[in-house]
Structures are given as C-alpha cells and as structure tokens.
>>> print(open('run-v1.pdb').read())   # PDB, C-alpha atoms and all ligand atoms
ATOM      1  CA  MET A 105      -3.108 -18.888 -12.064
ATOM      2  CA  THR A 106      -6.316 -17.595 -10.535
ATOM      3  CA  THR A 107      -6.537 -15.544  -7.349
ATOM      4  CA  THR A 108     -10.016 -15.242  -5.833
ATOM      5  CA  ARG A 109     -11.334 -13.843  -2.581
ATOM      6  CA  PHE A 110     -14.244 -14.067  -0.201
ATOM      7  CA  ALA A 111     -14.899 -10.632   1.291
ATOM      8  CA  PRO A 112     -17.463 -10.716   4.090
ATOM      9  CA  SER A 113     -18.359  -7.784   6.327
ATOM     10  CA  PRO A 114     -18.037  -8.726   9.999
ATOM     11  CA  THR A 115     -21.489  -7.401  10.878
ATOM     12  CA  GLY A 116     -22.956 -10.750  11.875
ATOM     13  CA  LEU A 117     -22.476 -14.499  11.816
ATOM     14  CA  LEU A 118     -22.042 -16.316   8.520
ATOM     15  CA  HIS A 119     -25.057 -18.218   7.209
ATOM     16  CA  LEU A 120     -25.602 -20.791   4.470
ATOM     17  CA  GLY A 121     -25.524 -18.101   1.773
ATOM     18  CA  HIS A 122     -22.023 -17.115   2.878
ATOM     19  CA  ALA A 123     -20.921 -20.753   2.923
ATOM     20  CA  TYR A 124     -22.042 -21.029  -0.683
ATOM     21  CA  SER A 125     -20.245 -17.809  -1.650
ATOM     22  CA  ALA A 126     -16.994 -18.768   0.096
ATOM     23  CA  LEU A 127     -16.955 -22.303  -1.332
ATOM     24  CA  HIS A 128     -17.724 -20.864  -4.745
ATOM     25  CA  ALA A 129     -14.762 -18.454  -4.554
ATOM     26  CA  ALA A 130     -12.421 -21.136  -3.260
ATOM     27  CA  SER A 131     -13.464 -23.602  -5.968
ATOM     28  CA  PHE A 132     -12.441 -21.129  -8.679
ATOM     29  CA  ALA A 133      -9.029 -20.600  -7.104
ATOM     30  CA  ASP A 134      -8.069 -24.232  -7.737
ATOM     31  CA  ARG A 135      -5.261 -24.430  -5.234
ATOM     32  CA  ALA A 136      -4.108 -27.700  -6.799
ATOM     33  CA  THR A 137      -2.764 -25.710  -9.754
ATOM     34  CA  GLY A 138      -1.242 -22.930  -7.637
ATOM     35  CA  GLY A 139      -4.354 -20.767  -7.437
ATOM     36  CA  ARG A 140      -4.737 -18.454  -4.430
ATOM     37  CA  PHE A 141      -7.782 -18.023  -2.231
ATOM     38  CA  LEU A 142      -7.917 -14.933  -0.011
ATOM     39  CA  VAL A 143     -10.276 -13.787   2.709
ATOM     40  CA  ARG A 144     -10.806 -10.070   3.237
ATOM     41  CA  LEU A 145     -12.674  -8.452   6.102
ATOM     42  CA  GLU A 146     -14.694  -5.531   4.795
ATOM     43  CA  ASP A 147     -15.108  -3.664   8.045
ATOM     44  CA  ILE A 148     -15.411  -0.030   6.986
ATOM     45  CA  ASP A 149     -18.946   0.150   8.356
ATOM     46  CA  ILE A 150     -17.499   0.934  11.753
ATOM     47  CA  THR A 151     -20.794   1.223  13.576
ATOM     48  CA  ARG A 152     -21.926  -2.300  12.616
ATOM     49  CA  CYS A 153     -18.693  -4.349  12.476
ATOM     50  CA  ARG A 154     -17.568  -6.268  15.583
ATOM     51  CA  PRO A 155     -14.281  -8.052  16.355
ATOM     52  CA  GLU A 156     -16.171 -11.095  17.646
ATOM     53  CA  PHE A 157     -17.725 -11.570  14.219
ATOM     54  CA  GLU A 158     -14.253 -11.475  12.628
ATOM     55  CA  ALA A 159     -13.143 -14.345  14.831
ATOM     56  CA  ALA A 160     -16.374 -16.238  14.143
ATOM     57  CA  ILE A 161     -15.937 -15.841  10.377
ATOM     58  CA  GLU A 162     -12.500 -17.432  10.436
ATOM     59  CA  GLU A 163     -13.709 -20.193  12.736
ATOM     60  CA  ASP A 164     -16.651 -20.991  10.437
ATOM     61  CA  LEU A 165     -14.535 -20.992   7.276
ATOM     62  CA  ALA A 166     -11.962 -23.305   8.854
ATOM     63  CA  TRP A 167     -14.772 -25.587  10.020
ATOM     64  CA  LEU A 168     -16.060 -25.723   6.443
ATOM     65  CA  GLY A 169     -12.637 -27.046   5.479
ATOM     66  CA  LEU A 170     -11.421 -23.961   3.651
ATOM     67  CA  GLU A 171      -7.820 -22.808   3.620
ATOM     68  CA  TRP A 172      -6.823 -19.273   2.764
ATOM     69  CA  GLU A 173      -3.715 -17.171   2.616
ATOM     70  CA  ARG A 174      -2.601 -15.186   5.653
ATOM     71  CA  PRO A 175      -2.555 -12.488   6.712
ATOM     72  CA  VAL A 176      -6.211 -11.678   6.204
ATOM     73  CA  ARG A 177      -6.603  -8.125   4.956
ATOM     74  CA  ARG A 178      -8.785  -5.976   7.192
ATOM     75  CA  GLN A 179      -9.877  -2.812   5.408
ATOM     76  CA  THR A 180      -9.656  -0.407   8.347
ATOM     77  CA  ASP A 181      -5.940  -1.285   8.648
ATOM     78  CA  HIS A 182      -5.354   0.142   5.190
ATOM     79  CA  MET A 183      -6.944   3.575   5.170
ATOM     80  CA  ASP A 184      -3.730   5.032   3.711
ATOM     81  CA  ASP A 185      -4.240   3.028   0.532
ATOM     82  CA  TYR A 186      -7.712   4.501   0.067
ATOM     83  CA  ARG A 187      -6.398   7.988   0.892
ATOM     84  CA  ALA A 188      -3.758   7.641  -1.850
ATOM     85  CA  ALA A 189      -6.419   6.684  -4.387
ATOM     86  CA  LEU A 190      -8.602   9.614  -3.320
ATOM     87  CA  ASP A 191      -5.657  11.995  -3.582
ATOM     88  CA  ARG A 192      -5.017  10.837  -7.085
ATOM     89  CA  LEU A 193      -8.648  11.296  -8.160
ATOM     90  CA  GLU A 194      -8.704  14.677  -6.467
ATOM     91  CA  ALA A 195      -5.567  15.759  -8.333
ATOM     92  CA  MET A 196      -7.392  14.809 -11.533
ATOM     93  CA  GLY A 197     -10.187  17.211 -10.537
ATOM     94  CA  LEU A 198     -12.735  14.406 -10.309
ATOM     95  CA  LEU A 199     -13.911  14.770  -6.699
ATOM     96  CA  TYR A 200     -16.007  17.288  -4.838
ATOM     97  CA  LYS A 201     -17.140  17.758  -1.271
ATOM     98  CA  CYS A 202     -20.768  17.074  -0.415
ATOM     99  CA  PHE A 203     -21.803  18.627   2.898
ATOM    100  CA  HIS A 204     -25.465  17.612   2.719
ATOM    101  CA  SER A 205     -26.937  15.347   5.335
ATOM    102  CA  ARG A 206     -29.092  12.590   3.895
ATOM    103  CA  LYS A 207     -32.211  14.468   4.980
ATOM    104  CA  GLU A 208     -31.046  17.722   3.399
ATOM    105  CA  LEU A 209     -30.258  15.945   0.186
ATOM    106  CA  ASP A 210     -33.665  14.256   0.127
ATOM    107  CA  GLU A 211     -35.272  17.658   0.627
ATOM    108  CA  ALA A 212     -33.210  19.330  -2.079
ATOM    109  CA  LEU A 213     -34.004  16.513  -4.471
ATOM    110  CA  SER A 214     -37.731  16.501  -3.823
ATOM    111  CA  ALA A 215     -38.206  19.567  -6.029
ATOM    112  CA  PRO A 216     -39.531  18.267  -9.378
ATOM    113  CA  HIS A 217     -36.781  19.932 -11.430
ATOM    114  CA  ASN A 218     -34.068  18.312  -9.273
ATOM    115  CA  ARG A 219     -35.486  14.799  -9.000
ATOM    116  CA  PRO A 220     -32.809  12.327 -10.133
ATOM    117  CA  MET A 221     -33.261   8.995 -11.913
ATOM    118  CA  MET A 222     -33.119   5.914  -9.715
ATOM    119  CA  GLY A 223     -29.744   4.154  -9.883
ATOM    120  CA  PRO A 224     -28.637   0.748  -8.555
ATOM    121  CA  ASP A 225     -27.616   2.269  -5.184
ATOM    122  CA  GLY A 226     -30.547   4.712  -4.908
ATOM    123  CA  PRO A 227     -31.169   8.108  -6.530
ATOM    124  CA  ALA A 228     -28.431   8.863  -9.085
ATOM    125  CA  VAL A 229     -27.593  12.326  -7.792
ATOM    126  CA  THR A 230     -25.249  14.626  -9.690
ATOM    127  CA  ASP A 231     -23.484  17.891  -8.806
ATOM    128  CA  THR A 232     -24.898  17.994  -5.280
ATOM    129  CA  ASP A 233     -22.518  20.870  -4.556
ATOM    130  CA  THR A 234     -24.678  23.076  -6.766
ATOM    131  CA  LEU A 235     -27.704  22.290  -4.564
ATOM    132  CA  MET A 236     -26.242  24.219  -1.631
ATOM    133  CA  PRO A 237     -25.643  27.982  -1.683
ATOM    134  CA  GLU A 238     -21.943  28.782  -2.021
ATOM    135  CA  ASP A 239     -21.821  30.793   1.224
ATOM    136  CA  GLU A 240     -23.382  27.911   3.177
ATOM    137  CA  ARG A 241     -20.820  25.488   1.764
ATOM    138  CA  ALA A 242     -18.040  27.889   2.696
ATOM    139  CA  ARG A 243     -19.458  28.291   6.198
ATOM    140  CA  ARG A 244     -19.589  24.535   6.771
ATOM    141  CA  GLU A 245     -16.104  24.078   5.381
ATOM    142  CA  ALA A 246     -14.706  26.813   7.636
ATOM    143  CA  ALA A 247     -16.502  25.271  10.626
ATOM    144  CA  GLY A 248     -14.793  21.953   9.900
ATOM    145  CA  GLU A 249     -18.060  20.112   9.287
ATOM    146  CA  ALA A 250     -17.878  16.588   7.944
ATOM    147  CA  TYR A 251     -18.386  16.000   4.235
ATOM    148  CA  ALA A 252     -18.540  13.110   1.812
ATOM    149  CA  MET A 253     -16.379  13.031  -1.314
ATOM    150  CA  ARG A 254     -18.306  12.341  -4.513
ATOM    151  CA  LEU A 255     -16.986  11.450  -7.937
ATOM    152  CA  ARG A 256     -17.928  13.827 -10.730
ATOM    153  CA  MET A 257     -19.342  10.994 -12.786
ATOM    154  CA  ALA A 258     -19.871  12.701 -16.147
ATOM    155  CA  GLU A 259     -16.307  13.989 -16.204
ATOM    156  CA  ALA A 260     -14.893  10.675 -14.923
ATOM    157  CA  VAL A 261     -16.668   8.753 -17.690
ATOM    158  CA  ARG A 262     -15.298  11.185 -20.265
ATOM    159  CA  VAL A 263     -11.739  10.851 -18.944
ATOM    160  CA  ALA A 264     -11.935   7.046 -18.723
ATOM    161  CA  GLY A 265     -13.308   6.455 -22.226
ATOM    162  CA  PRO A 266     -14.981   3.159 -23.214
ATOM    163  CA  LEU A 267     -14.999   0.480 -20.520
ATOM    164  CA  THR A 268     -15.268  -3.246 -21.073
ATOM    165  CA  TRP A 269     -14.653  -6.391 -19.012
ATOM    166  CA  ARG A 270     -15.589 -10.039 -18.899
ATOM    167  CA  ASP A 271     -18.038 -11.629 -16.528
ATOM    168  CA  ARG A 272     -17.904 -15.441 -16.593
ATOM    169  CA  GLY A 273     -21.658 -15.853 -16.327
ATOM    170  CA  HIS A 274     -22.786 -12.823 -18.291
ATOM    171  CA  GLY A 275     -20.094 -12.513 -20.972
ATOM    172  CA  GLU A 276     -18.519  -9.316 -22.311
ATOM    173  CA  GLN A 277     -19.727  -6.208 -20.495
ATOM    174  CA  VAL A 278     -19.805  -2.579 -21.546
ATOM    175  CA  GLY A 279     -19.521  -0.064 -18.715
ATOM    176  CA  ARG A 280     -22.363   2.316 -17.921
ATOM    177  CA  PRO A 281     -21.323   3.661 -14.520
ATOM    178  CA  GLU A 282     -23.222   6.908 -15.153
ATOM    179  CA  VAL A 283     -26.446   5.215 -14.021
ATOM    180  CA  PHE A 284     -25.058   5.464 -10.467
ATOM    181  CA  GLY A 285     -24.702   9.252 -10.561
ATOM    182  CA  ASP A 286     -21.929  10.922  -8.546
ATOM    183  CA  VAL A 287     -21.047   7.976  -6.299
ATOM    184  CA  VAL A 288     -19.661   8.598  -2.818
ATOM    185  CA  LEU A 289     -16.016   7.512  -2.640
ATOM    186  CA  ALA A 290     -15.377   8.732   0.896
ATOM    187  CA  ARG A 291     -18.205   8.752   3.394
ATOM    188  CA  LYS A 292     -18.741  11.378   6.042
ATOM    189  CA  ASP A 293     -17.958   8.945   8.857
ATOM    190  CA  VAL A 294     -15.151   6.932   7.255
ATOM    191  CA  ALA A 295     -12.746   8.179   4.595
ATOM    192  CA  THR A 296     -13.536   5.551   1.984
ATOM    193  CA  SER A 297     -16.557   3.713   0.598
ATOM    194  CA  TYR A 298     -17.415   0.189  -0.485
ATOM    195  CA  HIS A 299     -16.752   0.984  -4.159
ATOM    196  CA  LEU A 300     -13.362   2.559  -3.561
ATOM    197  CA  ALA A 301     -12.073   0.106  -0.955
ATOM    198  CA  VAL A 302     -13.077  -3.005  -2.877
ATOM    199  CA  THR A 303     -11.498  -1.781  -6.112
ATOM    200  CA  VAL A 304      -8.235  -0.739  -4.479
ATOM    201  CA  ASP A 305      -8.030  -3.952  -2.430
ATOM    202  CA  ASP A 306      -8.708  -6.297  -5.317
ATOM    203  CA  ALA A 307      -5.902  -4.608  -7.247
ATOM    204  CA  LEU A 308      -3.411  -4.507  -4.361
ATOM    205  CA  GLN A 309      -4.116  -8.127  -3.464
ATOM    206  CA  GLY A 310      -3.685  -9.308  -7.054
ATOM    207  CA  VAL A 311      -7.212 -10.699  -7.297
ATOM    208  CA  SER A 312      -7.652 -11.958 -10.852
ATOM    209  CA  LEU A 313     -11.223 -13.252 -10.508
ATOM    210  CA  VAL A 314     -13.757 -11.358  -8.405
ATOM    211  CA  THR A 315     -16.444 -13.786  -7.269
ATOM    212  CA  ARG A 316     -19.423 -12.506  -5.330
ATOM    213  CA  GLY A 317     -23.212 -12.510  -5.240
ATOM    214  CA  GLU A 318     -25.337 -11.307  -8.108
ATOM    215  CA  ASP A 319     -26.664  -8.449  -5.965
ATOM    216  CA  LEU A 320     -23.318  -6.742  -6.641
ATOM    217  CA  PHE A 321     -23.309  -7.312 -10.404
ATOM    218  CA  GLN A 322     -24.107  -3.655 -11.187
ATOM    219  CA  ALA A 323     -21.396  -2.415  -8.831
ATOM    220  CA  SER A 324     -18.795  -3.763 -11.294
ATOM    221  CA  HIS A 325     -19.588  -0.791 -13.549
ATOM    222  CA  VAL A 326     -18.283   1.602 -10.907
ATOM    223  CA  HIS A 327     -15.327  -0.634 -10.066
ATOM    224  CA  ARG A 328     -14.320  -0.870 -13.724
ATOM    225  CA  LEU A 329     -14.465   2.931 -13.990
ATOM    226  CA  LEU A 330     -12.235   3.340 -10.930
ATOM    227  CA  GLN A 331      -9.765   0.811 -12.367
ATOM    228  CA  ALA A 332      -9.523   2.908 -15.529
ATOM    229  CA  LEU A 333      -9.073   6.183 -13.613
ATOM    230  CA  LEU A 334      -6.485   4.735 -11.218
ATOM    231  CA  ASP A 335      -4.598   2.618 -13.788
ATOM    232  CA  LEU A 336      -5.398  -0.620 -11.983
ATOM    233  CA  PRO A 337      -5.463  -4.085 -13.547
ATOM    234  CA  VAL A 338      -8.875  -5.357 -14.646
ATOM    235  CA  PRO A 339      -9.878  -8.691 -13.109
ATOM    236  CA  GLU A 340     -12.439 -11.070 -14.485
ATOM    237  CA  TYR A 341     -15.771 -11.277 -12.664
ATOM    238  CA  ALA A 342     -18.069 -14.154 -11.727
ATOM    239  CA  HIS A 343     -21.337 -13.330  -9.977
ATOM    240  CA  HIS A 344     -23.186 -16.236  -8.442
ATOM    241  CA  PRO A 345     -26.934 -16.417  -7.833
ATOM    242  CA  LEU A 346     -28.051 -15.684  -4.299
ATOM    243  CA  LEU A 347     -28.996 -18.807  -2.439
ATOM    244  CA  VAL A 348     -32.647 -19.076  -1.510
ATOM    245  CA  ASP A 349     -33.942 -20.891   1.555
ATOM    246  CA  PRO A 350     -36.129 -23.691   0.126
ATOM    247  CA  ASP A 351     -38.389 -23.492   3.195
ATOM    248  CA  THR A 352     -39.256 -19.804   2.883
ATOM    249  CA  GLY A 353     -38.371 -19.012  -0.734
ATOM    250  CA  ARG A 354     -36.384 -16.032   0.546
ATOM    251  CA  ARG A 355     -32.682 -15.264   0.390
ATOM    252  CA  PHE A 356     -30.613 -16.239   3.388
ATOM    253  CA  ALA A 357     -29.907 -13.177   5.485
ATOM    254  CA  LYS A 358     -28.143 -12.265   8.680
ATOM    255  CA  ARG A 359     -31.499 -12.022  10.435
ATOM    256  CA  ASP A 360     -32.077 -15.811  10.027
ATOM    257  CA  ARG A 361     -30.224 -16.757  13.166
ATOM    258  CA  SER A 362     -31.211 -20.417  13.063
ATOM    259  CA  LEU A 363     -29.341 -20.830   9.798
ATOM    260  CA  THR A 364     -26.006 -19.417  10.851
ATOM    261  CA  LEU A 365     -23.134 -21.853  10.433
ATOM    262  CA  GLN A 366     -22.523 -21.605  14.164
ATOM    263  CA  ALA A 367     -26.107 -22.606  15.011
ATOM    264  CA  LEU A 368     -26.039 -25.469  12.512
ATOM    265  CA  ARG A 369     -22.731 -26.701  13.919
ATOM    266  CA  GLU A 370     -24.025 -26.494  17.489
ATOM    267  CA  SER A 371     -27.130 -28.452  16.539
ATOM    268  CA  GLY A 372     -24.915 -31.278  15.307
ATOM    269  CA  VAL A 373     -24.954 -30.648  11.545
ATOM    270  CA  SER A 374     -21.601 -31.624  10.012
ATOM    271  CA  ALA A 375     -19.494 -29.472   7.709
ATOM    272  CA  ALA A 376     -19.940 -32.119   5.004
ATOM    273  CA  GLU A 377     -23.711 -31.758   5.318
ATOM    274  CA  VAL A 378     -23.491 -27.964   5.007
ATOM    275  CA  ARG A 379     -21.300 -28.300   1.935
ATOM    276  CA  ARG A 380     -23.795 -30.735   0.437
ATOM    277  CA  ARG A 381     -26.739 -28.436   1.207
ATOM    278  CA  VAL A 382     -25.137 -25.613  -0.750
ATOM    279  CA  GLY A 383     -24.038 -27.838  -3.618
ATOM    280  CA  PHE A 384     -20.341 -28.410  -2.855
ATOM    281  CA  SER A 385     -20.123 -32.000  -1.658
TER     282      SER A 385
HETATM  283  N1  LIG B 401     -18.412  -7.114   1.607
HETATM  284  C1  LIG B 401     -19.440  -7.427   0.654
HETATM  285  C2  LIG B 401     -20.527  -8.244   1.334
HETATM  286  O1  LIG B 401     -20.323  -8.733   2.418
HETATM  287  C3  LIG B 401     -18.903  -8.192  -0.542
HETATM  288  C4  LIG B 401     -18.162  -7.293  -1.441
HETATM  289  C5  LIG B 401     -17.564  -7.924  -2.682
HETATM  290  O2  LIG B 401     -17.410  -9.159  -2.728
HETATM  291  O3  LIG B 401     -17.209  -7.170  -3.578
HETATM  292  O4  LIG B 401     -21.588  -8.371   0.778
END
>>> encode(input="run-v1.pdb", output="structure tokens", more="lines below")
Ligand code: GLU
Amino acid sequence: MTTTRFAPSPTGLLHLGHAYSALHAASFADRATGGRFLVRLEDIDITRCRPEFEAAIEEDLAWLGLEWERPVRRQTDHMDDYRAALDRLEAMGLLYKCFHSRKELDEALSAPHNRPMMGPDGPAVTDTDTLMPEDERARREAAGEAYAMRLRMAEAVRVAGPLTWRDRGHGEQVGRPEVFGDVVLARKDVATSYHLAVTVDDALQGVSLVTRGEDLFQASHVHRLLQALLDLPVPEYAHHPLLVDPDTGRRFAKRDRSLTLQALRESGVSAAEVRRRVGFS
C-alpha cells in the first residue's frame, strides 16, 4: 500500500505546475487499492505564508477532483516534533550554533582561504562557528541573540555510514549529502528548516513514496542522511519534471497570476480541461 503526499507552501495561489504535482502524487497513491493520499501545508516560512492561501489550496484541490485524508498536517502546529529531532541530534553532538547574519557569513567567506564550494542550496559552508572569535560567540550567546543550528556534516556522514535509496525515475541512489555543507536544521527565525521538517513529517505521516518536483531531487541526499541519524524509515522517491509553460518556455511560477487555478476557474476553464492540460485526463 502506497502513501503519497502533496506538500505545498501556502505562500501563493496554486498554478498549473502545482496541479500537475498534486495529480501526480495522487495517481501514485492508487486509492482503489487502499493507497493513501495526504496533503501537508509547509508553512514554516512564517513571513510569507498566509491563511487565505491555505484555504485557497484546499478549494483548488477539491475543485480538481482530488480527495485526501484529514486532518491536513500544518507544520507550524508540530514544532514539538522538530524540537525532539533537534534534541536527539544535539545529544549526538552533531549540531552547533551559528550566530552569523547572512551578511557576516558572506563577508567571512569572501576571504580566498575560506571560500566554500557551491552546493545545491548555495555555498557549502562548514564549521561556521570557527569563523567567529570565541569571545564574540560567547557575548552573543550571553546576550540571548538568535542563532541557527547547523549540522556538523562531516561527522554526521561518518556516523551515518553508507546511504542508499531508490528513486523511481533515477534508480538506485548513493548518498552524498556532504556537497551541501553544514546544512541549517533550525533557522534563526523559526526553530526548524525545510530539510528537517519534511523528513520528520514524511516519517511521522507514514509516507512511503515521496513525490515532488525535480528541483528537490538533490535535497533527498540530506533527507536520507537525517533518516539514518534519526532512525526513521526510508521511503521511495519519485521526482517529476517541472512543467513548462508552452507559451513562454519557462516553468510555471507563483508570479504567473493568469495561470493560477483560481484565475483559470474564474475565466470558465473546467477542472477536466486543467487535468487534460497537465496530462491527467
Ligand atoms: N513545500 C515544498 C514546495 O512547495 C515541497 C516540499 C517537498 O515536497 O518535499 O516546493
């Protein structure tokens, strides 16, 4: 029995690319044979997420004819789950506090001897704590300044050992999370991160097949590492290509307001037509 999920961030209205992604996830769940299809609201980006987009997402998915299990999991309702995972990694000695602002980090890393390799999420920084004088770190800590929690990647990879998983489109994978550097697992403004929340949620929700866009293919390396460190089950993965607008040759994005499902619906396009346009008639 397959459990899949569609995990949008409520930072805007859904567009055709989301319709494709959601229909894709639901098609793999095969509810006829007892499969489960879940929707998860990934709302940890508190400055950009809006309740009205949450409501619109559910309205659009229902309009498309999708059915999903309730209740919908909203990430900010489950901060304790992410805290527990962080505590566990901290007890393993795998986390450290990073007090740098983005600007300070950029400055520290501009020195030629510090310049990191580029990773999938940006510069693959390591041991950022060593880039700040000890007394300055202590001062900021004593002053209660905000910090991010980073994973000590080299040590984490050593503890986890070899990592493998299966991606339906790309076959057997071998983990190389080190290309990300010391990923942030808890941000300064919210005590989790995309990588941590998604991994913990997929495990807690019993997701057996993670379906999502190909832009997140590399992220699976970090997720697989976290599964190993936290003793979580390893799902299968299926990354779909990102849908391109035939008129512009560009990916659909939240900025293309005319192509939101709401705008299409209001202009009289039927759900069947939307399904057909994204290949799910
Ligand atoms: N929340 C992510 C997005 O909207 C998807 C994350 C995932 O499916 O792992 O792009």
>>> closest_residue(input="run-v1.pdb", among="A:Asp185, A:Glu162, A:Glu156, A:Glu173", to="Ala295 of chain A", atoms="all atoms listed in the file")
A:Asp185
>>> residues_around(input="run-v1.pdb", residues="Ala375 of chain A", least_positions_apart="5", cutoff="9 Å", atoms="all atoms listed in the file", output="mmCIF file with C-alpha atoms, in the coordinates of the input")
data_model
loop_
_atom_site.group_PDB
_atom_site.id
_atom_site.type_symbol
_atom_site.label_atom_id
_atom_site.label_comp_id
_atom_site.auth_asym_id
_atom_site.auth_seq_id
_atom_site.Cartn_x
_atom_site.Cartn_y
_atom_site.Cartn_z
ATOM 1 C CA TRP A 167 -14.772 -25.587 10.020
ATOM 2 C CA LEU A 168 -16.060 -25.723 6.443
ATOM 3 C CA GLY A 169 -12.637 -27.046 5.479
ATOM 4 C CA LEU A 365 -23.134 -21.853 10.433
ATOM 5 C CA ARG A 369 -22.731 -26.701 13.919
ATOM 6 C CA ARG A 380 -23.795 -30.735 0.437
#
>>> axis_aligned_box(input="run-v1.pdb", around="ligand LIG 401 (chain B)", padding_each_side="5 Å", output="JSON")
{"center_x": -19.4, "center_y": -8.1, "center_z": -0.6, "size_x": 14.4, "size_y": 12.0, "size_z": 16.0}
>>> residues_near_ligand(input="run-v1.pdb", ligand="ligand LIG 401 (chain B)", cutoff="7 Å", atoms="all atoms listed in the file", output="NGL selection string")
:A and (110-113 or 146 or 302 or 315-316 or 320)
>>> atom_distance(input="run-v1.pdb", atom1="atom CA of Ala323 of chain A", atom2="atom CA of Val304 of chain A")
14.0 Å
>>> closest_residue(input="run-v1.pdb", among="A:Glu194, A:Thr296, A:Ser214, A:Pro339", to="Asp147 of chain A", atoms="all atoms listed in the file")
A:Thr296
>>> resolve_selection(input="run-v1.pdb", expression="the PyMOL selection byres (((chain A and resi 321) around 10) and not hetatm)", output="list in words")
Pro224, Asp271, His274, Thr315, Arg316, Gly317, Glu318, Asp319, Leu320, Gln322, Ala323, Ser324, His325, Tyr341, Ala342, His343 and His344 of chain A
>>> write_last_selection(input="run-v1.pdb", atoms="C-alpha atoms", output="PDB file, keeping the file's coordinate frame")
ATOM      1  CA  PRO A 224     -28.637   0.748  -8.555  1.00  0.00           C
ATOM      2  CA  ASP A 271     -18.038 -11.629 -16.528  1.00  0.00           C
ATOM      3  CA  HIS A 274     -22.786 -12.823 -18.291  1.00  0.00           C
ATOM      4  CA  THR A 315     -16.444 -13.786  -7.269  1.00  0.00           C
ATOM      5  CA  ARG A 316     -19.423 -12.506  -5.330  1.00  0.00           C
ATOM      6  CA  GLY A 317     -23.212 -12.510  -5.240  1.00  0.00           C
ATOM      7  CA  GLU A 318     -25.337 -11.307  -8.108  1.00  0.00           C
ATOM      8  CA  ASP A 319     -26.664  -8.449  -5.965  1.00  0.00           C
ATOM      9  CA  LEU A 320     -23.318  -6.742  -6.641  1.00  0.00           C
ATOM     10  CA  GLN A 322     -24.107  -3.655 -11.187  1.00  0.00           C
ATOM     11  CA  ALA A 323     -21.396  -2.415  -8.831  1.00  0.00           C
ATOM     12  CA  SER A 324     -18.795  -3.763 -11.294  1.00  0.00           C
ATOM     13  CA  HIS A 325     -19.588  -0.791 -13.549  1.00  0.00           C
ATOM     14  CA  TYR A 341     -15.771 -11.277 -12.664  1.00  0.00           C
ATOM     15  CA  ALA A 342     -18.069 -14.154 -11.727  1.00  0.00           C
ATOM     16  CA  HIS A 343     -21.337 -13.330  -9.977  1.00  0.00           C
ATOM     17  CA  HIS A 344     -23.186 -16.236  -8.442  1.00  0.00           C
TER      18      HIS A 344
END
>>> decode(input="run-v1.pdb", residues="segment 157-175 of chain A", atoms="N, CA and C atoms", output="PDB file, in the first residue's frame")
ATOM      1  N   PHE A 157      -4.197  31.630   1.736  1.00  0.00           N
ATOM      2  CA  PHE A 157      -3.678  30.724   0.713  1.00  0.00           C
ATOM      3  C   PHE A 157      -3.935  29.262   1.108  1.00  0.00           C
ATOM      4  N   GLU A 158      -3.929  28.985   2.415  1.00  0.00           N
ATOM      5  CA  GLU A 158      -4.241  27.617   2.863  1.00  0.00           C
ATOM      6  C   GLU A 158      -5.643  27.231   2.401  1.00  0.00           C
ATOM      7  N   ALA A 159      -6.582  28.132   2.646  1.00  0.00           N
ATOM      8  CA  ALA A 159      -7.971  27.857   2.268  1.00  0.00           C
ATOM      9  C   ALA A 159      -8.071  27.694   0.752  1.00  0.00           C
ATOM     10  N   ALA A 160      -7.361  28.564   0.026  1.00  0.00           N
ATOM     11  CA  ALA A 160      -7.425  28.506  -1.444  1.00  0.00           C
ATOM     12  C   ALA A 160      -6.841  27.195  -1.968  1.00  0.00           C
ATOM     13  N   ILE A 161      -5.796  26.708  -1.325  1.00  0.00           N
ATOM     14  CA  ILE A 161      -5.171  25.449  -1.762  1.00  0.00           C
ATOM     15  C   ILE A 161      -6.190  24.311  -1.669  1.00  0.00           C
ATOM     16  N   GLU A 162      -6.866  24.234  -0.529  1.00  0.00           N
ATOM     17  CA  GLU A 162      -7.825  23.135  -0.366  1.00  0.00           C
ATOM     18  C   GLU A 162      -8.984  23.270  -1.346  1.00  0.00           C
ATOM     19  N   GLU A 163      -9.400  24.512  -1.561  1.00  0.00           N
ATOM     20  CA  GLU A 163     -10.503  24.749  -2.511  1.00  0.00           C
ATOM     21  C   GLU A 163     -10.089  24.303  -3.922  1.00  0.00           C
ATOM     22  N   ASP A 164      -8.883  24.674  -4.328  1.00  0.00           N
ATOM     23  CA  ASP A 164      -8.406  24.316  -5.673  1.00  0.00           C
ATOM     24  C   ASP A 164      -8.263  22.803  -5.833  1.00  0.00           C
ATOM     25  N   LEU A 165      -7.738  22.151  -4.806  1.00  0.00           N
ATOM     26  CA  LEU A 165      -7.523  20.694  -4.922  1.00  0.00           C
ATOM     27  C   LEU A 165      -8.856  19.964  -4.997  1.00  0.00           C
ATOM     28  N   ALA A 166      -9.829  20.435  -4.219  1.00  0.00           N
ATOM     29  CA  ALA A 166     -11.163  19.817  -4.257  1.00  0.00           C
ATOM     30  C   ALA A 166     -11.798  20.043  -5.633  1.00  0.00           C
ATOM     31  N   TRP A 167     -11.612  21.243  -6.155  1.00  0.00           N
ATOM     32  CA  TRP A 167     -12.143  21.566  -7.489  1.00  0.00           C
ATOM     33  C   TRP A 167     -11.547  20.634  -8.555  1.00  0.00           C
ATOM     34  N   LEU A 168     -10.244  20.335  -8.385  1.00  0.00           N
ATOM     35  CA  LEU A 168      -9.594  19.434  -9.340  1.00  0.00           C
ATOM     36  C   LEU A 168     -10.130  18.008  -9.252  1.00  0.00           C
ATOM     37  N   GLY A 169     -10.882  17.743  -8.177  1.00  0.00           N
ATOM     38  CA  GLY A 169     -11.466  16.411  -8.018  1.00  0.00           C
ATOM     39  C   GLY A 169     -10.627  15.494  -7.132  1.00  0.00           C
ATOM     40  N   LEU A 170      -9.691  16.086  -6.401  1.00  0.00           N
ATOM     41  CA  LEU A 170      -8.844  15.260  -5.541  1.00  0.00           C
ATOM     42  C   LEU A 170      -9.498  15.042  -4.182  1.00  0.00           C
ATOM     43  N   GLU A 171      -9.192  13.903  -3.590  1.00  0.00           N
ATOM     44  CA  GLU A 171      -9.645  13.623  -2.228  1.00  0.00           C
ATOM     45  C   GLU A 171      -8.424  13.247  -1.415  1.00  0.00           C
ATOM     46  N   TRP A 172      -8.343  13.765  -0.213  1.00  0.00           N
ATOM     47  CA  TRP A 172      -7.179  13.486   0.622  1.00  0.00           C
ATOM     48  C   TRP A 172      -7.624  13.259   2.049  1.00  0.00           C
ATOM     49  N   GLU A 173      -6.710  12.639   2.800  1.00  0.00           N
ATOM     50  CA  GLU A 173      -7.044  12.316   4.187  1.00  0.00           C
ATOM     51  C   GLU A 173      -7.025  13.549   5.073  1.00  0.00           C
ATOM     52  N   ARG A 174      -7.923  13.589   6.026  1.00  0.00           N
ATOM     53  CA  ARG A 174      -7.941  14.683   7.015  1.00  0.00           C
ATOM     54  C   ARG A 174      -7.482  14.101   8.349  1.00  0.00           C
ATOM     55  N   PRO A 175      -6.983  14.892   9.260  1.00  0.00           N
ATOM     56  CA  PRO A 175      -6.730  16.306   9.089  1.00  0.00           C
ATOM     57  C   PRO A 175      -5.475  16.553   8.250  1.00  0.00           C
TER      58      PRO A 175
END
